[in-house]
Amino acid sequence: MESTLDMQGIRHLNLFGKITKVNTRFYFNYNRTLIFCVPKQLVQKAIGKEGKNVKKIREILRRRIKIIPSPGGISDAKQFIQKIVEPNEFRDLEITGDEIIISAGKHSKAALIGRNKRRLIELQKIVRNFFDKNVRIV
């Protein structure tokens, strides 16, 4: 993953590490939600008992928080993207050469693209950083 962090991002990662005792370098924004990616075996520890770590971070930052498992490779792309766009759903995900094609219905497609393509642009940036591929929604 290639992306640079600003001071605010570093502060968010430090706060996450102090509260959860899980260090991660993967953090991004999607649909006004802060999403932290941690190794699959540490997701439960990061969330905390009854979600107390997530609640504490949400209280401090006053933003929605989501903790998801980081992908092991391109084979985990479907589950990874599904976790990011939740509660929105898509029918299928197809991986071709340098592109990931997401098939969705009319309402889901509109929700995935967002107003002024804001969510699509955010999703493209995330997928480009993790998998080095472009995203297209049909």
# chains A, B, ... in the order shown; residues from 1 in each chain; ligands from 1
$ residues_around --residues "Gly48 of chain A" --least-positions-apart "4" --cutoff "12 Å" --atoms "only C-alpha atoms" --output "VMD selection string"
chain A and resid 16 19 to 22 42 to 44 52 to 57 67
$ select_by_dssp --residues "segment 2-67 of chain A" --states "strand (DSSP E)" --output "JSON, numbers by chain"
{"A": [26, 27, 28, 29, 30, 33, 34, 35, 36, 37, 38, 64, 65, 66, 67]}
$ closest_residue --among "A:Val85, A:Ala46, A:Ile100, A:Ala77" --to "Arg32 of chain A" --atoms "only C-alpha atoms"
A:Val85
$ select_by_dssp --residues "segment 51-86 of chain A" --states "helix (DSSP H, G or I)" --output "compact mmCIF listing (two decimals) with C-alpha atoms, in the first residue's frame"
# COMPACT_ATOMS: atom_id res chain seq x y z
CA GLY A 51 -17.12 -3.04 21.34
CA LYS A 52 -15.71 -0.85 24.10
CA ASN A 53 -12.61 0.19 22.12
CA VAL A 54 -14.68 1.27 19.12
CA LYS A 55 -17.08 3.19 21.37
CA LYS A 56 -14.20 4.97 23.10
CA ILE A 57 -12.53 5.99 19.83
CA ARG A 58 -15.91 7.11 18.41
CA GLU A 59 -16.49 9.22 21.53
CA ILE A 60 -13.11 10.92 21.31
CA LEU A 61 -13.07 11.55 17.55
CA ILE A 74 -6.09 -10.13 -4.39
CA SER A 75 -8.07 -13.27 -3.47
CA ASP A 76 -9.50 -11.40 -0.46
CA ALA A 77 -10.63 -8.42 -2.55
CA LYS A 78 -14.33 -9.30 -2.58
CA GLN A 79 -14.63 -9.66 1.20
CA PHE A 80 -12.47 -6.57 1.76
CA ILE A 81 -14.54 -4.34 -0.54
CA GLN A 82 -17.79 -5.75 0.89
CA LYS A 83 -16.67 -4.82 4.42
CA ILE A 84 -15.79 -1.29 3.28
CA VAL A 85 -19.09 -0.55 1.50
$ closest_residue --among "A:Thr96, A:Ile10, A:Lys45, A:Phe26" --to "Asn129 of chain A" --atoms "only C-alpha atoms"
A:Phe26
$ atom_distance --atom1 "atom CA of Ile65 of chain A" --atom2 "atom CA of Phe131 of chain A"
22.6 Å
